[in-house]
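Data from input-v7.txt: compact mmCIF, C-alpha atoms
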# COMPACT_ATOMS: atom_id res chain seq x y z
CA MET A 5 87.62 44.10 194.47
CA ARG A 6 87.39 40.90 192.50
CA LEU A 7 90.20 38.41 192.70
CA TYR A 8 90.89 38.41 188.98
CA THR A 9 91.14 42.21 189.03
CA LEU A 10 93.62 41.98 191.88
CA PHE A 11 95.52 39.32 189.93
CA TYR A 12 95.62 41.52 186.82
CA ILE A 13 96.88 44.52 188.79
CA PHE A 14 99.80 42.52 190.14
CA VAL A 15 100.51 40.93 186.75
CA ARG A 16 100.89 44.46 185.42
CA ILE A 17 103.16 45.41 188.32
CA GLY A 18 105.30 42.30 187.99
CA ALA A 19 105.72 42.72 184.24
CA GLN A 20 107.19 46.20 184.71
CA ALA A 21 109.28 45.53 187.81
CA PHE A 22 112.78 45.66 186.42
CA GLY A 23 115.69 46.71 188.58
CA GLY A 24 114.73 45.58 192.06
CA GLY A 25 112.74 46.79 195.03
CA ALA A 26 112.84 50.51 194.32
CA THR A 27 111.05 50.07 191.00
CA LEU A 28 108.49 47.75 192.54
CA LEU A 29 107.82 50.16 195.39
CA ALA A 30 107.16 52.96 192.91
CA LEU A 31 104.79 50.73 190.95
CA LEU A 32 103.01 49.63 194.12
CA HIS A 33 102.63 53.24 195.19
CA ARG A 34 101.12 54.17 191.86
CA GLU A 35 98.65 51.29 191.79
CA THR A 36 97.76 50.57 195.41
CA VAL A 37 97.98 54.04 196.93
CA GLU A 38 97.24 56.52 194.16
CA ARG A 39 94.99 54.58 191.84
CA TYR A 40 93.00 52.16 193.99
CA GLY A 41 93.52 53.52 197.49
CA TYR A 42 94.11 50.12 199.12
CA LEU A 43 96.36 51.76 201.66
CA THR A 44 97.93 55.10 202.50
CA GLU A 45 101.48 56.13 201.76
CA SER A 46 102.38 55.74 205.41
CA GLU A 47 100.88 52.25 205.52
CA LEU A 48 102.83 51.26 202.42
CA ALA A 49 106.05 52.49 204.02
CA THR A 50 105.30 50.57 207.21
CA ALA A 51 104.49 47.44 205.25
CA TRP A 52 107.74 47.74 203.31
CA SER A 53 109.68 48.05 206.57
CA LEU A 54 108.02 44.93 207.89
CA CYS A 55 108.88 43.06 204.70
CA ALA A 56 112.50 44.13 205.00
CA VAL A 57 112.81 41.93 208.08
CA THR A 58 110.76 39.03 206.75
CA PRO A 59 112.63 36.02 205.39
CA GLY A 60 112.93 35.73 201.63
CA ILE A 61 112.03 38.04 198.79
CA ASN A 62 110.68 41.36 200.08
CA GLN A 63 108.64 41.98 196.94
CA ILE A 64 106.69 38.77 197.44
CA ALA A 65 106.08 39.62 201.08
CA ILE A 66 104.68 43.07 200.39
CA SER A 67 102.47 41.76 197.60
CA ALA A 68 101.10 39.17 200.02
CA LEU A 69 100.47 41.86 202.64
CA ILE A 70 98.61 44.12 200.25
CA GLY A 71 96.66 41.24 198.74
CA HIS A 72 95.70 40.08 202.25
CA ARG A 73 94.48 43.56 203.10
CA VAL A 74 92.22 43.58 200.05
CA ARG A 75 90.86 40.02 200.01
CA GLY A 76 92.34 38.04 202.90
CA VAL A 77 94.37 34.91 202.33
CA ALA A 78 92.97 34.40 198.84
CA GLY A 79 93.97 37.94 197.99
CA ALA A 80 97.49 37.35 199.28
CA LEU A 81 97.95 34.25 197.14
CA VAL A 82 96.44 35.89 194.07
CA ALA A 83 98.62 38.98 194.43
CA VAL A 84 101.78 36.86 194.71
CA ALA A 85 100.74 34.72 191.77
CA GLY A 86 100.15 37.82 189.69
CA LEU A 87 103.47 39.38 190.68
CA LEU A 88 105.46 36.29 189.74
CA SER A 89 103.55 35.06 186.70
CA VAL A 90 105.26 37.10 183.99
CA GLY A 91 108.69 37.10 185.64
CA SER A 92 108.84 33.35 186.20
CA LEU A 93 107.62 32.54 182.68
CA VAL A 94 110.11 34.94 181.11
CA THR A 95 112.91 33.64 183.33
CA ILE A 96 112.24 30.05 182.32
CA GLY A 97 111.94 31.06 178.68
CA VAL A 98 115.18 33.04 178.68
CA THR A 99 117.01 30.21 180.44
CA PHE A 100 115.70 27.72 177.89
CA GLY A 101 116.77 29.99 175.02
CA TYR A 102 120.16 30.54 176.60
CA ARG A 103 120.73 26.80 176.93
CA GLU A 104 119.78 26.27 173.30
CA MET A 105 122.17 29.03 172.21
CA GLN A 106 124.88 27.49 174.34
CA ALA A 107 124.55 24.23 172.40
CA ARG A 108 124.87 26.00 169.05
CA ALA A 109 127.41 28.71 169.77
CA GLY A 110 129.31 27.42 172.77
CA ASP A 111 132.57 29.31 172.16
CA GLU A 112 130.84 32.63 171.74
CA ILE A 113 128.65 32.01 174.78
CA GLU A 114 131.67 31.12 176.86
CA ALA A 115 133.46 34.28 175.78
CA ALA A 116 130.42 36.40 176.59
CA LEU A 117 130.18 34.68 179.95
CA ARG A 118 133.76 35.65 180.72
CA GLY A 119 132.47 39.18 180.56
CA VAL A 120 129.13 38.61 182.29
CA VAL A 121 130.55 36.80 185.32
CA PRO A 122 132.78 39.71 186.41
CA ALA A 123 129.86 42.07 185.80
CA THR A 124 127.77 39.86 188.07
CA VAL A 125 130.43 40.26 190.73
CA GLY A 126 130.41 44.04 190.32
CA VAL A 127 126.62 44.23 190.60
CA GLY A 128 126.69 41.78 193.50
CA LEU A 129 128.95 44.11 195.48
CA ILE A 130 126.06 46.53 195.63
CA THR A 131 124.04 43.87 197.44
CA CYS A 132 126.77 43.71 200.06
CA TRP A 133 126.74 47.45 200.46
CA GLN A 134 122.95 47.54 200.74
CA LEU A 135 123.16 45.03 203.59
CA LEU A 136 125.77 47.02 205.48
CA ARG A 137 124.79 50.61 204.75
CA PRO A 138 121.92 50.86 207.31
CA GLN A 139 124.44 49.97 210.03
CA LEU A 140 127.46 51.84 208.73
CA LEU A 141 125.64 54.97 207.59
CA PRO A 142 122.34 55.09 209.48
CA LYS A 143 119.78 57.73 208.63
CA THR A 144 120.24 59.26 212.07
CA PRO A 145 123.88 60.37 212.31
CA VAL A 146 125.96 58.45 214.83
CA LYS A 147 126.73 60.65 217.80
CA ASP A 148 127.38 58.33 220.71
CA ALA A 149 129.42 55.30 221.66
CA LYS A 150 126.50 52.92 221.12
CA GLY A 151 126.23 54.03 217.53
CA ARG A 152 129.95 53.62 216.98
CA ILE A 153 129.80 50.15 218.48
CA GLY A 154 127.06 49.29 216.02
CA GLN A 155 129.23 50.39 213.11
CA VAL A 156 132.21 48.43 214.38
CA GLN A 157 130.00 45.39 215.00
CA ALA A 158 128.82 45.42 211.39
CA LEU A 159 132.37 45.56 210.03
CA VAL A 160 133.68 42.92 212.42
CA LEU A 161 130.86 40.45 211.78
CA CYS A 162 131.14 40.95 208.03
CA ALA A 163 134.89 40.41 208.08
CA ALA A 164 134.59 37.46 210.46
CA ALA A 165 132.04 35.71 208.26
CA ALA A 166 134.15 36.37 205.16
CA ALA A 167 137.23 34.96 206.88
CA LEU A 168 135.66 32.00 208.67
CA LEU A 169 133.75 30.62 205.70
CA PRO A 170 136.75 29.64 203.56
CA LEU A 171 139.05 28.89 206.49
CA THR A 172 136.81 26.68 208.60
CA ARG A 173 134.31 25.40 206.02
CA LEU A 174 131.60 25.81 208.62
CA PRO A 175 128.06 25.53 207.24
CA VAL A 176 126.84 28.92 206.06
CA VAL A 177 123.66 28.57 208.10
CA LEU A 178 125.67 28.17 211.31
CA LEU A 179 127.77 31.21 210.53
CA LEU A 180 124.70 33.33 209.91
CA LEU A 181 122.94 32.18 213.08
CA ALA A 182 126.08 32.70 215.14
CA SER A 183 126.40 36.22 213.81
CA GLY A 184 122.78 36.90 214.64
CA LEU A 185 123.36 35.66 218.19
CA VAL A 186 126.38 37.93 218.54
CA GLY A 187 124.11 40.77 217.50
CA VAL A 188 121.64 39.76 220.22
CA VAL A 189 124.35 39.65 222.88
CA VAL A 190 125.75 43.02 221.90
CA ALA A 191 122.27 44.55 221.88
CA TRP A 192 121.57 43.08 225.31
CA VAL A 193 124.83 44.41 226.74
CA LEU A 194 124.23 47.86 225.28
CA SER A 195 120.70 47.91 226.69
CA ARG A 196 122.19 47.36 230.16
CA VAL A 197 124.72 50.13 229.86
CA LYS A 198 123.51 53.36 231.33
CA PRO A 199 124.27 56.53 229.40
CA ALA A 200 127.38 58.27 230.74
CA VAL A 201 126.65 61.28 232.96
CA ARG A 202 128.04 64.48 231.52
CA GLU A 203 130.32 66.47 233.82
CA ASP A 204 128.34 69.64 233.26
CA ALA A 205 124.97 67.96 233.85
CA GLN A 206 122.72 69.55 236.43
CA PRO A 207 122.22 67.41 239.61
CA MET B 9 132.10 18.36 187.83
CA ASN B 10 130.18 15.28 186.84
CA PRO B 11 127.53 16.61 184.43
CA SER B 12 124.98 14.24 185.82
CA ALA B 13 125.80 15.01 189.44
CA MET B 14 122.64 17.03 189.94
CA ASN B 15 120.59 14.16 188.55
CA ASP B 16 121.56 12.22 191.65
CA VAL B 17 119.98 14.83 193.87
CA PRO B 18 116.26 14.18 194.42
CA LEU B 19 113.91 17.00 193.55
CA TRP B 20 112.78 17.34 197.15
CA VAL B 21 116.38 17.84 198.28
CA TRP B 22 116.85 20.62 195.71
CA THR B 23 113.60 22.20 196.91
CA TRP B 24 114.68 21.96 200.54
CA LEU B 25 118.05 23.57 199.77
CA VAL B 26 116.33 26.54 198.14
CA LEU B 27 113.84 26.83 201.00
CA LYS B 28 116.58 26.60 203.64
CA ALA B 29 118.70 29.21 201.90
CA SER B 30 115.74 31.57 201.55
CA LEU B 31 114.71 31.26 205.19
CA LEU B 32 117.94 32.75 206.48
CA THR B 33 118.01 35.89 204.40
CA THR B 34 115.84 38.93 204.01
CA SER B 35 116.56 39.57 200.35
CA GLY B 36 116.09 37.76 197.09
CA THR B 37 119.79 37.28 196.40
CA GLY B 38 120.93 36.70 199.95
CA ASN B 39 120.43 32.97 199.41
CA VAL B 40 123.37 32.86 196.96
CA PRO B 41 126.07 31.97 199.52
CA SER B 42 124.11 29.14 201.10
CA LEU B 43 123.16 27.58 197.77
CA HIS B 44 126.70 28.02 196.49
CA ALA B 45 128.02 26.13 199.49
CA ASP B 46 125.45 23.37 199.12
CA LEU B 47 125.70 22.93 195.38
CA VAL B 48 128.97 24.21 193.88
CA GLU B 49 131.25 23.13 196.68
CA THR B 50 129.74 19.65 196.62
CA GLY B 51 130.13 19.36 192.86
CA HIS B 52 126.44 19.44 191.97
CA ALA B 53 126.61 22.75 190.10
CA THR B 54 129.26 25.03 188.63
CA ASP B 55 130.19 28.65 189.23
CA ALA B 56 129.30 29.29 185.61
CA GLN B 57 125.76 28.04 186.14
CA PHE B 58 125.42 30.24 189.19
CA ALA B 59 126.64 33.28 187.29
CA GLU B 60 124.36 32.53 184.33
CA ALA B 61 121.31 32.10 186.54
CA PHE B 62 122.12 35.20 188.59
CA ALA B 63 122.53 37.31 185.45
CA ILE B 64 119.27 36.02 183.97
CA GLY B 65 117.50 36.80 187.24
CA GLN B 66 118.70 40.39 187.09
CA VAL B 67 117.60 41.09 183.51
CA THR B 68 114.14 39.51 183.56
CA PRO B 69 111.07 41.25 185.01
CA GLY B 70 110.01 40.70 188.59
CA PRO B 71 112.09 40.13 191.70
CA GLY B 72 115.80 39.46 191.21
CA GLY B 73 115.28 36.55 193.58
CA LEU B 74 113.79 34.61 190.67
CA TRP B 75 117.37 33.77 189.75
CA VAL B 76 116.85 30.46 191.58
CA VAL B 77 114.11 29.62 189.08
CA SER B 78 116.70 29.95 186.34
CA LEU B 79 119.18 27.88 188.34
CA GLY B 80 116.53 25.26 188.94
CA TYR B 81 115.88 25.05 185.21
CA LEU B 82 119.60 24.75 184.42
CA LEU B 83 120.07 22.00 186.98
CA LYS B 84 116.85 20.02 186.91
CA GLY B 85 114.76 21.27 184.02
CA LEU B 86 111.19 22.50 184.37
CA PRO B 87 110.48 20.56 187.60
CA GLY B 88 113.51 22.19 189.20
CA ALA B 89 112.36 25.65 188.10
CA LEU B 90 108.83 25.18 189.41
CA THR B 91 109.85 23.72 192.76
CA ALA B 92 112.38 26.53 193.21
CA LEU B 93 109.60 29.02 192.53
CA ALA B 94 107.41 27.39 195.18
CA ALA B 95 110.30 27.27 197.65
CA VAL B 96 111.13 30.99 197.37
CA CYS B 97 107.47 31.89 197.77
CA LEU B 98 107.01 30.18 201.12
CA PRO B 99 109.28 32.21 203.44
CA PRO B 100 107.91 35.65 202.50
CA LEU B 101 104.33 34.39 202.90
CA GLY B 102 105.29 34.07 206.54
CA VAL B 103 104.80 37.84 206.75
CA LEU B 104 101.09 37.14 207.11
CA LEU B 105 101.83 35.17 210.29
CA ILE B 106 104.33 37.56 211.80
CA ARG B 107 102.66 40.88 211.03
CA ARG B 108 100.79 40.88 214.31
CA LEU B 109 103.81 39.61 216.22
CA HIS B 110 105.91 42.28 214.58
CA GLU B 111 103.68 44.99 215.99
CA ARG B 112 104.70 43.75 219.43
CA VAL B 113 108.41 43.20 218.82
CA GLN B 114 109.02 46.07 216.42
CA GLY B 115 111.75 48.13 217.96
CA ASN B 116 112.75 45.37 220.36
CA PRO B 117 116.51 45.85 220.65
CA LEU B 118 117.28 42.13 220.82
CA VAL B 119 115.30 41.36 217.65
CA ASN B 120 116.96 44.26 215.89
CA GLY B 121 120.33 43.09 217.17
CA PHE B 122 119.77 39.64 215.68
CA LEU B 123 118.79 41.09 212.31
CA ARG B 124 121.80 43.40 212.26
CA GLY B 125 124.15 40.53 213.01
CA LEU B 126 122.50 38.41 210.36
CA ALA B 127 122.71 41.12 207.70
CA ALA B 128 126.40 41.74 208.37
CA ALA B 129 127.20 38.04 208.07
CA VAL B 130 125.22 37.70 204.85
CA ALA B 131 127.28 40.56 203.42
CA GLY B 132 130.47 38.78 204.44
CA VAL B 133 129.63 35.39 202.98
CA THR B 134 128.33 37.11 199.84
CA LEU B 135 131.77 38.65 199.40
CA VAL B 136 133.28 35.17 199.58
CA THR B 137 130.84 33.86 196.98
CA LEU B 138 131.55 36.77 194.66
CA THR B 139 135.27 36.18 194.99
CA ARG B 140 134.84 32.55 194.07
CA LEU B 141 132.76 33.53 191.04
CA LEU B 142 135.52 35.85 189.87
CA LEU B 143 138.14 33.15 190.41
CA SER B 144 136.11 30.78 188.22
CA VAL B 145 136.86 32.93 185.14
CA GLY B 146 140.30 33.95 186.35
CA ILE B 147 141.39 37.22 187.90
CA SER B 148 142.91 39.42 185.23
CA ALA B 149 143.08 43.07 184.39
CA THR B 150 140.13 42.56 182.03
CA SER B 151 137.88 40.79 184.53
CA ILE B 152 138.63 43.32 187.26
CA ALA B 153 138.00 46.20 184.88
CA ILE B 154 134.66 44.70 183.86
CA ALA B 155 133.66 44.13 187.49
CA LEU B 156 134.55 47.68 188.49
CA GLY B 157 132.90 49.08 185.40
CA ALA B 158 129.68 47.19 186.14
CA LEU B 159 129.80 48.42 189.73
CA ALA B 160 130.29 52.01 188.64
CA LEU B 161 127.48 51.88 186.10
CA SER B 162 125.14 50.30 188.66
CA LEU B 163 125.89 53.02 191.16
CA THR B 164 124.75 55.69 188.72
CA LYS B 165 121.24 54.11 188.80
CA ARG B 166 120.82 55.46 185.29
CA VAL B 167 121.98 52.46 183.31
CA PRO B 168 119.60 49.48 183.12
CA ILE B 169 121.02 46.18 184.35
CA LEU B 170 120.23 44.64 180.97
CA VAL B 171 122.52 47.18 179.30
CA ILE B 172 125.29 46.57 181.83
CA PHE B 173 125.29 42.82 181.20
CA ALA B 174 125.08 43.35 177.42
CA LEU B 175 128.14 45.60 177.57
CA ALA B 176 129.94 43.06 179.74
CA ALA B 177 129.12 40.24 177.30
CA ALA B 178 130.42 42.38 174.45
CA ALA B 179 133.59 43.06 176.40
CA GLY B 180 134.02 39.34 176.93
CA LEU B 181 133.63 38.68 173.20
CA LEU B 182 136.09 41.41 172.29
CA ALA B 183 138.65 40.23 174.81
CA ARG B 184 138.89 36.64 173.54
In structure tokens, write the structure found in this file.
Amino acid sequence: MRLYTLFYIFVRIGAQAFGGGATLLALLHRETVERYGYLTESELATAWSLCAVTPGINQIAISALIGHRVRGVAGALVAVAGLLSVGSLVTIGVTFGYREMQARAGDEIEAALRGVVPATVGVGLITCWQLLRPQLLPKTPVKDAKGRIGQVQALVLCAAAAALLPLTRLPVVLLLLASGLVGVVVAWVLSRVKPAVREDAQP
Amino acid sequence: MNPSAMNDVPLWVWTWLVLKASLLTTSGTGNVPSLHADLVETGHATDAQFAEAFAIGQVTPGPGGLWVVSLGYLLKGLPGALTALAAVCLPPLGVLLIRRLHERVQGNPLVNGFLRGLAAAVAGVTLVTLTRLLLSVGISATSIAIALGALALSLTKRVPILVIFALAAAAGLLAR
């Protein structure tokens, strides 16, 4: 696989990737699994799971992983460059155009923004839900105390962060790290707790 | 806000802020709270600029995390956009370094515990940021209705984000 072919494949993917990770995953499946056979469906799913816990933009991470699989480090960089080329150019172009419009029709832009900002908030709430859902509604139904503790932990840490940020003005980074450490402590405690013995269990 | 406030911030500081914010999140928009705290609350950017950049990031192709490229352009022109692009690329490239390590720690309860705690906190601080955004245009029946309407339409997964923001902009124009 030549690097420019790899680049072109990811340019095509990036140019069609509207609407977030689900769209990108479908595009990646079509190109890298079905069409070119770079990896299997299971490998793509595993890679996506790994990227979900990698810092930053998941879509960049998975593009780097797939590119690396095909052509090593050069492939990773080329795949990422291809993914972002159209999006970044369009983003800069739209921002430039928006700023020009703002200078010419400021009142109308401001009025439109008074509608767009609340819509941004509404759409942003989905991000919050997507962060919490795996803990509040895991794929495996919660049946024991450990699972319930996990659900409560998610709600408590979310509420605590939301309350502490405006009240204490602590740096966001510290709040996030502290919450992560709480998660570690809770996980450690739960790993030490032996499952309760059922009364009707056989000796 | 002093319109030239961001001009006082060196380009490398802007780049570092984007990099720092992107390191402590596992999504493209999870860096919003950190950047909001570093920029809006210090008077170097406005809520309106954040909302504009976020909206542009959602309606353009590619990852929604490219919203920082738009913000970079609004705040520091083309250099700001390009350095923001470089900064958001670096953390996810770390997957190449951790993929082998991940095979060893995958399923480790302490690692998973850290990530769960982190995700819950990001959700919480994101709620705060969203509230502040809404306050910037004033909480009214109209703004709440638009927010809830956008949320409902997004949940259907049938309405493109571009259409949602276009409808919201139209609602804003009609409401003035």
Once you count all atoms listed in the file, what closest atom pair and distance in Å to one decimal does each residue of range 64-177 of chain B within 10 Å of range 41-58 of chain B have, with rows by chain and rising residue number, as JSON lines?
{"residue": "B:Ile64", "atom": "CA", "partner": "B:Phe58", "partner_atom": "CA", "distance": 9.9}
{"residue": "B:Trp75", "atom": "CA", "partner": "B:Phe58", "partner_atom": "CA", "distance": 8.8}
{"residue": "B:Val76", "atom": "CA", "partner": "B:Phe58", "partner_atom": "CA", "distance": 8.9}
{"residue": "B:Ser78", "atom": "CA", "partner": "B:Phe58", "partner_atom": "CA", "distance": 9.2}
{"residue": "B:Leu79", "atom": "CA", "partner": "B:Phe58", "partner_atom": "CA", "distance": 6.7}
{"residue": "B:Leu82", "atom": "CA", "partner": "B:Gln57", "partner_atom": "CA", "distance": 7.2}
{"residue": "B:Leu83", "atom": "CA", "partner": "B:Ala53", "partner_atom": "CA", "distance": 7.3}
{"residue": "B:Val130", "atom": "CA", "partner": "B:Pro41", "partner_atom": "CA", "distance": 7.9}
{"residue": "B:Ala131", "atom": "CA", "partner": "B:Pro41", "partner_atom": "CA", "distance": 9.5}
{"residue": "B:Gly132", "atom": "CA", "partner": "B:Pro41", "partner_atom": "CA", "distance": 9.5}
{"residue": "B:Val133", "atom": "CA", "partner": "B:Pro41", "partner_atom": "CA", "distance": 6.0}
{"residue": "B:Thr134", "atom": "CA", "partner": "B:Pro41", "partner_atom": "CA", "distance": 5.6}
{"residue": "B:Leu135", "atom": "CA", "partner": "B:Pro41", "partner_atom": "CA", "distance": 8.8}
{"residue": "B:Val136", "atom": "CA", "partner": "B:Pro41", "partner_atom": "CA", "distance": 7.9}
{"residue": "B:Thr137", "atom": "CA", "partner": "B:Pro41", "partner_atom": "CA", "distance": 5.7}
{"residue": "B:Leu138", "atom": "CA", "partner": "B:Pro41", "partner_atom": "CA", "distance": 8.8}
{"residue": "B:Arg140", "atom": "CA", "partner": "B:Asp55", "partner_atom": "CA", "distance": 7.8}
{"residue": "B:Leu141", "atom": "CA", "partner": "B:Asp55", "partner_atom": "CA", "distance": 5.8}
{"residue": "B:Leu142", "atom": "CA", "partner": "B:Asp55", "partner_atom": "CA", "distance": 9.0}
{"residue": "B:Leu143", "atom": "CA", "partner": "B:Asp55", "partner_atom": "CA", "distance": 9.2}
{"residue": "B:Ser144", "atom": "CA", "partner": "B:Asp55", "partner_atom": "CA", "distance": 6.4}
{"residue": "B:Val145", "atom": "CA", "partner": "B:Ala56", "partner_atom": "CA", "distance": 8.4}
Do you know which residues are at most 9 Å from Trp52 in chain A counting only C-alpha atoms, after dropping those on the same chain fewer than 2 positions away, and could you put them as a PyMOL selection string? chain A and resi 29+47-50+54-56+62-63+65-66
For each of B:Gly70, B:Gly125, B:Pro87, B:Pro100, take the minimum atom-to-atom distance to Gln155 in chain A, counting only C-alpha atoms, then give the residue where this is smallest. B:Gly125
What residues have an atom no more than 12 Å from (117.9, 22.5, 184.8) in the file's own frame, counting all atoms listed in the file, and can you write them as JSON, numbers by chain? {"A": [96, 99, 100, 102, 103], "B": [11, 12, 13, 14, 15, 19, 22, 52, 53, 57, 58, 60, 61, 76, 77, 78, 79, 80, 81, 82, 83, 84, 85, 86, 87, 88, 89, 90, 91, 92]}
Export of the given selection (C-alpha atoms) as a PDB file, in the coordinates of the input:
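Final output, saved to part.pdb:
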ATOM      1  CA  ILE A  96     112.240  30.050 182.320  1.00  0.00           C
ATOM      2  CA  THR A  99     117.010  30.210 180.440  1.00  0.00           C
ATOM      3  CA  PHE A 100     115.700  27.720 177.890  1.00  0.00           C
ATOM      4  CA  TYR A 102     120.160  30.540 176.600  1.00  0.00           C
ATOM      5  CA  ARG A 103     120.730  26.800 176.930  1.00  0.00           C
TER       6      ARG A 103
ATOM      7  CA  PRO B  11     127.530  16.610 184.430  1.00  0.00           C
ATOM      8  CA  SER B  12     124.980  14.240 185.820  1.00  0.00           C
ATOM      9  CA  ALA B  13     125.800  15.010 189.440  1.00  0.00           C
ATOM     10  CA  MET B  14     122.640  17.030 189.940  1.00  0.00           C
ATOM     11  CA  ASN B  15     120.590  14.160 188.550  1.00  0.00           C
ATOM     12  CA  LEU B  19     113.910  17.000 193.550  1.00  0.00           C
ATOM     13  CA  TRP B  22     116.850  20.620 195.710  1.00  0.00           C
ATOM     14  CA  HIS B  52     126.440  19.440 191.970  1.00  0.00           C
ATOM     15  CA  ALA B  53     126.610  22.750 190.100  1.00  0.00           C
ATOM     16  CA  GLN B  57     125.760  28.040 186.140  1.00  0.00           C
ATOM     17  CA  PHE B  58     125.420  30.240 189.190  1.00  0.00           C
ATOM     18  CA  GLU B  60     124.360  32.530 184.330  1.00  0.00           C
ATOM     19  CA  ALA B  61     121.310  32.100 186.540  1.00  0.00           C
ATOM     20  CA  VAL B  76     116.850  30.460 191.580  1.00  0.00           C
ATOM     21  CA  VAL B  77     114.110  29.620 189.080  1.00  0.00           C
ATOM     22  CA  SER B  78     116.700  29.950 186.340  1.00  0.00           C
ATOM     23  CA  LEU B  79     119.180  27.880 188.340  1.00  0.00           C
ATOM     24  CA  GLY B  80     116.530  25.260 188.940  1.00  0.00           C
ATOM     25  CA  TYR B  81     115.880  25.050 185.210  1.00  0.00           C
ATOM     26  CA  LEU B  82     119.600  24.750 184.420  1.00  0.00           C
ATOM     27  CA  LEU B  83     120.070  22.000 186.980  1.00  0.00           C
ATOM     28  CA  LYS B  84     116.850  20.020 186.910  1.00  0.00           C
ATOM     29  CA  GLY B  85     114.760  21.270 184.020  1.00  0.00           C
ATOM     30  CA  LEU B  86     111.190  22.500 184.370  1.00  0.00           C
ATOM     31  CA  PRO B  87     110.480  20.560 187.600  1.00  0.00           C
ATOM     32  CA  GLY B  88     113.510  22.190 189.200  1.00  0.00           C
ATOM     33  CA  ALA B  89     112.360  25.650 188.100  1.00  0.00           C
ATOM     34  CA  LEU B  90     108.830  25.180 189.410  1.00  0.00           C
ATOM     35  CA  THR B  91     109.850  23.720 192.760  1.00  0.00           C
ATOM     36  CA  ALA B  92     112.380  26.530 193.210  1.00  0.00           C
TER      37      ALA B  92
END
Within 12 Å of (130.6, 43.1, 175.7) (file coordinates; only C-alpha atoms), which protein or nucleic acid residues are there? I'd like them as a PyMOL selection string. (chain A and resi 112-113+115-123) or (chain B and resi 150-151+154+157-158+170-184)
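With all atoms listed in the file as the atoms that count, the minimum distance from chain A to the choices B:Thr23, B:Asn116, B:Ser162, B:Ser148 is reached by B:Ser162.
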Kindly complete range 158-170 of chain A to N, CA and C atoms; the output should be written as a tab-separated table (two decimals), in the coordinates of the input.
chain	number	residue	atom	x	y	z
A	158	ALA	N	129.15	45.79	212.77
A	158	ALA	CA	128.82	45.42	211.39
A	158	ALA	C	130.08	45.03	210.62
A	159	LEU	N	131.13	45.84	210.75
A	159	LEU	CA	132.37	45.56	210.03
A	159	LEU	C	133.02	44.28	210.53
A	160	VAL	N	133.04	44.11	211.83
A	160	VAL	CA	133.68	42.92	212.42
A	160	VAL	C	132.95	41.64	212.02
A	161	LEU	N	131.63	41.66	212.12
A	161	LEU	CA	130.86	40.45	211.78
A	161	LEU	C	130.98	40.13	210.30
A	162	CYS	N	130.98	41.17	209.46
A	162	CYS	CA	131.14	40.95	208.03
A	162	CYS	C	132.49	40.33	207.73
A	163	ALA	N	133.53	40.92	208.31
A	163	ALA	CA	134.89	40.41	208.08
A	163	ALA	C	135.05	39.00	208.66
A	164	ALA	N	134.47	38.78	209.83
A	164	ALA	CA	134.59	37.46	210.46
A	164	ALA	C	133.93	36.39	209.61
A	165	ALA	N	132.74	36.69	209.11
A	165	ALA	CA	132.04	35.71	208.26
A	165	ALA	C	132.84	35.45	206.99
A	166	ALA	N	133.39	36.52	206.40
A	166	ALA	CA	134.15	36.37	205.16
A	166	ALA	C	135.42	35.56	205.39
A	167	ALA	N	136.00	35.69	206.58
A	167	ALA	CA	137.23	34.96	206.88
A	167	ALA	C	136.94	33.52	207.30
A	168	LEU	N	135.93	33.33	208.12
A	168	LEU	CA	135.66	32.00	208.67
A	168	LEU	C	135.12	31.02	207.63
A	169	LEU	N	134.37	31.53	206.67
A	169	LEU	CA	133.75	30.62	205.70
A	169	LEU	C	134.79	29.81	204.93
A	170	PRO	N	135.78	30.46	204.30
A	170	PRO	CA	136.75	29.64	203.56
A	170	PRO	C	137.75	28.91	204.46
